[in-house]
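Everything below concerns the one structure shown next.
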Amino acid sequence: MGRCPSCGEWNTYIEELIVKEGSKSSGYQWKSEKGQGHSKPVNLENIEGHEQIRLSTGDKELDRALGGGIVAGSLILIGGEPGIGKSTLMLQMARGLDGRRILYVSGEESAVQIKMRAERLGIHNPEYLVYTETNTQLIFLQAKKIKPDVVIIDSIQTLHSEDIDSTPGSVSQVRECTGEWQRFAKETGTPVFLIGHITKEGSIAGPKLLEHMVDTVLQFEGDRHHQYRILRTVKNRFGSTAEMGIYEMQGNGLREVSNPSEILISTRPEALSGIAIAAIMEGMRSMLIEVQALVTAAVYGTPQRSATGFELRRLSMLLAVLEKRIGFPMGNKDIFLNMAGGIRVDDPAADLAIVTALISSLEDKTVAPLAVFAGEVGLSGEIRPVNRIEQRISEADKLGFEQVYLSSGNLKGIERKKFNCRLIEVNKVEELVRLLF
Ligand code: TYD
Ligand code: MG
């Protein structure tokens with residue numbers, strides 16, 4: 001066709017051949033008789049398969065988040081805000097992958113910068129190759145020559161493919177480059193880590209664009225001003241998404257934190273008001289975290305409400321319950337709530353500890369120092385049961401706490417004798433006040 005009927009331009013039509021297998025014959029009947037060159041439905045029982053062999057990264061927290069190690073040919077996306085420690089995490093993975101050939105492709109930092117950082121992290125791996133390049137075609141050329149055991153791309157937003165015209169970081173480039181790495185990983189069986197910056201809205205380069213293309217999505221989160229970082233498994237084709245790893249950012253890199261409770265509770269000689277310990281679950285792990293509240297008379301006109309590591313709307317809900325149920329006078333108070341260590345808490349089981357800390361601060365009375373709280377607070381002030389209560393109590397036991405406050409709904413089917421802690425039931429916030437203060 002000479003002229004395009006739609007845009008009116010001349011000679012813009014391009015011929016594309018569509019190849020059809022087994023042409024000429026009429027459709028599926030012929031194919032089904034011969035069954036040539038096409039896969040057939042197979043009985044699930046007859047498929048041979050086995051658990052994939054996993055490569056340990058030597059980093060227990062990273063292994064845990066990956067579901068037990070790196071699976072060959074998998075594409076793993078590490079997302080996180082700038083400055084949270086993604087490059088550091090990937091660089092220091094080299095320490096555990098001693099003797100493996102790693103290709104670290106950086107489009108963000110110069111080789112010298114990476115060298116300086118590697119020295120700080122104490123990495124001495126002769127097989128660690130740094131390549132500062134952003135053109136995917138050139139990177140694939142090198143990768144085919146080098147045959148690395150692991151490829152790390154820092155970051156996917158800096159790459160560009162010649163097949164596409166748009167600028168690096170644009171939606172189509174990021175999608176194309178990810179697709180190319182997906183094919184590379186599957187064809188060569190090489191695991192590929194893609195680092196992706198998360199935009200303000202929390203999505204990786206646009207609306208969840210990459211999540212369906214990769215096998216595993218790990219999100220690195222935390223507060224840049226605190227030292228603790230959480231590596232959360234958002235998606236995993238080879239493991240559970242309830243997993244997570246915890247790190248502490250130090251001068252010489254990220255340190256694995258195997259017992260989070262110990263760092264999330266500050267030890268102090270005397271009890272203070274406004275502090276309560278919550279037994280929360282983060283993924284499959286139970287941990288105890290210190291909740292701090294400060295309730296003071298508002299100095300300026302409008303009372304302030306501030307929550308760090310906790311959703312402000314949920315705090316408002318808890319305050320409303322307290323006002324309605326026990327006449328908590330909040331109208332003229334500044335209220336601050338803080339979760340220790342810069343950890344973000346979503347677990348509703350923290351409600352009970354938060355309510356306790358608020359009342360403790362308001363009344364300026366201390367809570368028994370060896371008490372732990374686990375319960376959700378409902379709108380009518382009732383304390384509701386939470387999941388995995390035995391795991392939470394065990395954690396409190398392990399750390400030498402003496403009392404666990406929980407909903408009576410959680411006591412059903414629990415053997416009290418199994419635990420050293422005394423289990424104290426509370427059913428309403430009114431009851432909590434009576435019991436504690
Ligand atoms: P980085 O890995 O560059 O973050 P990202 O790749 O996610 O943007 O880490 C950035 C921060 O980590 C930086 O502000 C300094 C800090 N850091 C340490 O505190 N200790 C260290 O050993 C390293 C390497 C970095
Ligand atoms: Mg970086």
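By order of appearance in the structure tokens: chains A, B, ..., then residues from 1 within every chain, and ligands from 1 in the order shown.
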| query | Residues at most 12 Å from range 415-423 of chain A, counting only C-alpha atoms, excluding those fewer than 2 positions away in the same chain, as a VMD selection string? | reply | chain A and resid 370 to 374 389 to 408 410 to 413 425 to 426
| request: Give the residue list for ligand 1 at 6 Å, counting only C-alpha atoms and all ligand atoms, as a ChimeraX atom specification, sorted by chain and then by residue number. | output: /A:82-88,117,121,249-253
| query | Which residues form the shell of 12 Å around ligand 2 when you count only C-alpha atoms and all ligand atoms, given as a ChimeraX atom specification? | reply | /A:78-91,104-110,113-114,117,152-158,194-198,220
Expected file: the selected residues, N, CA, C and O atoms, as a short mmCIF file (atom, residue, chain, number, x, y, z; two decimals), in the first residue's frame:
data_model
loop_
_atom_site.label_atom_id
_atom_site.label_comp_id
_atom_site.auth_asym_id
_atom_site.auth_seq_id
_atom_site.Cartn_x
_atom_site.Cartn_y
_atom_site.Cartn_z
N ILE A 78 15.37 -5.75 43.46
CA ILE A 78 15.56 -5.18 44.79
C ILE A 78 15.12 -3.73 44.70
O ILE A 78 15.78 -2.92 44.05
N GLY A 79 14.02 -3.41 45.34
CA GLY A 79 13.51 -2.05 45.27
C GLY A 79 13.76 -1.31 46.57
O GLY A 79 13.90 -1.91 47.62
N GLY A 80 13.81 0.01 46.47
CA GLY A 80 13.98 0.80 47.69
C GLY A 80 14.24 2.24 47.33
O GLY A 80 14.60 2.56 46.20
N GLU A 81 14.04 3.11 48.31
CA GLU A 81 14.28 4.53 48.07
C GLU A 81 15.77 4.79 47.92
O GLU A 81 16.57 4.02 48.44
N PRO A 82 16.14 5.86 47.25
CA PRO A 82 17.56 6.18 47.11
C PRO A 82 18.21 6.35 48.49
O PRO A 82 17.60 6.92 49.39
N GLY A 83 19.41 5.81 48.64
CA GLY A 83 20.16 6.00 49.88
C GLY A 83 19.83 5.02 50.98
O GLY A 83 20.37 5.11 52.07
N ILE A 84 18.97 4.06 50.71
CA ILE A 84 18.57 3.13 51.76
C ILE A 84 19.62 2.03 51.95
O ILE A 84 19.73 1.44 53.02
N GLY A 85 20.41 1.75 50.92
CA GLY A 85 21.48 0.75 51.06
C GLY A 85 21.43 -0.40 50.08
O GLY A 85 22.00 -1.45 50.32
N LYS A 86 20.75 -0.21 48.96
CA LYS A 86 20.62 -1.30 47.97
C LYS A 86 21.98 -1.67 47.37
O LYS A 86 22.33 -2.84 47.29
N SER A 87 22.73 -0.64 46.96
CA SER A 87 24.04 -0.92 46.36
C SER A 87 24.95 -1.59 47.39
O SER A 87 25.70 -2.52 47.06
N THR A 88 24.89 -1.12 48.63
CA THR A 88 25.71 -1.70 49.67
C THR A 88 25.37 -3.17 49.87
O THR A 88 26.25 -4.03 49.94
N LEU A 89 24.10 -3.48 49.92
CA LEU A 89 23.66 -4.86 50.12
C LEU A 89 24.18 -5.76 49.01
O LEU A 89 24.69 -6.85 49.25
N MET A 90 24.07 -5.28 47.78
CA MET A 90 24.49 -6.09 46.63
C MET A 90 26.01 -6.24 46.59
O MET A 90 26.53 -7.29 46.26
N LEU A 91 26.71 -5.15 46.93
CA LEU A 91 28.17 -5.22 46.93
C LEU A 91 28.67 -6.20 47.97
O LEU A 91 29.53 -7.02 47.70
N TYR A 104 29.15 -6.99 38.26
CA TYR A 104 28.41 -5.87 38.84
C TYR A 104 28.37 -4.75 37.82
O TYR A 104 29.39 -4.13 37.53
N VAL A 105 27.21 -4.51 37.26
CA VAL A 105 27.07 -3.48 36.23
C VAL A 105 26.54 -2.23 36.90
O VAL A 105 25.47 -2.25 37.51
N SER A 106 27.30 -1.15 36.83
CA SER A 106 26.87 0.06 37.49
C SER A 106 26.68 1.18 36.49
O SER A 106 27.57 1.49 35.70
N GLY A 107 25.52 1.77 36.53
CA GLY A 107 25.27 2.93 35.69
C GLY A 107 25.17 4.17 36.55
O GLY A 107 24.84 5.25 36.08
N GLU A 108 25.41 4.01 37.83
CA GLU A 108 25.22 5.12 38.76
C GLU A 108 26.52 5.65 39.33
O GLU A 108 26.65 6.84 39.57
N GLU A 109 27.46 4.73 39.58
CA GLU A 109 28.69 5.17 40.22
C GLU A 109 29.88 4.81 39.35
O GLU A 109 29.81 3.87 38.57
N SER A 110 30.96 5.53 39.53
CA SER A 110 32.17 5.24 38.77
C SER A 110 32.88 4.05 39.41
O SER A 110 32.63 3.72 40.57
N GLN A 113 34.55 4.93 42.65
CA GLN A 113 33.63 5.03 43.80
C GLN A 113 33.29 3.64 44.35
O GLN A 113 33.24 3.44 45.56
N ILE A 114 33.07 2.72 43.43
CA ILE A 114 32.72 1.36 43.85
C ILE A 114 33.88 0.71 44.58
O ILE A 114 33.71 0.05 45.60
N ARG A 117 34.12 1.99 48.09
CA ARG A 117 33.09 1.40 48.94
C ARG A 117 33.42 -0.07 49.27
O ARG A 117 33.26 -0.51 50.39
N ILE A 152 24.59 -8.46 38.67
CA ILE A 152 23.91 -7.43 39.44
C ILE A 152 23.81 -6.17 38.58
O ILE A 152 24.82 -5.73 38.02
N ILE A 153 22.63 -5.63 38.45
CA ILE A 153 22.42 -4.42 37.65
C ILE A 153 22.06 -3.29 38.59
O ILE A 153 21.05 -3.33 39.28
N ASP A 154 22.88 -2.27 38.61
CA ASP A 154 22.64 -1.12 39.50
C ASP A 154 22.59 0.15 38.66
O ASP A 154 23.61 0.69 38.29
N SER A 155 21.50 0.67 38.27
CA SER A 155 20.15 0.21 38.52
C SER A 155 19.42 0.03 37.19
O SER A 155 19.92 0.51 36.17
N ILE A 156 18.27 -0.59 37.22
CA ILE A 156 17.52 -0.84 35.99
C ILE A 156 17.10 0.48 35.32
O ILE A 156 16.98 0.56 34.11
N GLN A 157 16.96 1.52 36.11
CA GLN A 157 16.54 2.82 35.55
C GLN A 157 17.62 3.52 34.73
O GLN A 157 17.34 4.47 34.03
N THR A 158 18.87 3.07 34.89
CA THR A 158 19.94 3.73 34.11
C THR A 158 20.22 3.02 32.79
O THR A 158 20.94 3.55 31.96
N LEU A 194 18.26 -7.13 39.86
CA LEU A 194 18.03 -5.80 39.32
C LEU A 194 17.76 -4.86 40.49
O LEU A 194 16.87 -5.13 41.29
N ILE A 195 18.51 -3.78 40.56
CA ILE A 195 18.21 -2.78 41.58
C ILE A 195 17.26 -1.77 40.96
O ILE A 195 17.46 -1.34 39.82
N GLY A 196 16.20 -1.43 41.66
CA GLY A 196 15.24 -0.47 41.13
C GLY A 196 14.93 0.60 42.15
O GLY A 196 14.66 0.29 43.31
N HIS A 197 15.00 1.84 41.73
CA HIS A 197 14.64 2.92 42.66
C HIS A 197 13.14 3.03 42.74
O HIS A 197 12.44 2.93 41.75
N ILE A 198 12.70 3.28 43.92
CA ILE A 198 11.27 3.45 44.11
C ILE A 198 10.96 4.93 44.11
O ILE A 198 11.65 5.73 44.72
N PHE A 220 13.53 -3.04 50.08
CA PHE A 220 14.43 -2.63 51.15
C PHE A 220 13.86 -1.36 51.76
O PHE A 220 13.73 -0.35 51.08
#
| task | Please give the complete set of residues from range 203-311 of chain A that DSSP, run on the backbone, assigns to strand (DSSP E), formatted as a ChimeraX atom specification. | result | /A:216-222,228-236,244-250,253-256,275-282,285-297,305-308
| query | Could you name the residues that touch Ala94 in chain A at 12 Å or less, counting only C-alpha atoms, but leaving out those on the same chain fewer than 2 positions away, as a PyMOL selection string? | reply | chain A and resi 56-59+87-92+96-104+118+121-130+149-152
| task | Counting only C-alpha atoms, figure out which residue out of A:Leu218, A:Val345, A:Leu254, A:Leu322 gets nearest to Thr241 in chain A. | result |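 The closest residue to Thr241 in chain A is A:Leu218.
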| message | Quick check for you: according to DSSP on this backbone, which residues of range 105-345 of chain A are classed as alpha helix (DSSP H)? Reply as number ranges by chain. | response | A: 111-121, 136-146, 171-188, 260-264, 312-326
| Near-Thr356 in chain A list (10 Å; only C-alpha atoms; drop same-chain fewer than 6 positions) as a PyMOL selection string | chain A and resi 273-278+291-293+362+366-367+373+429+432-433+436-437
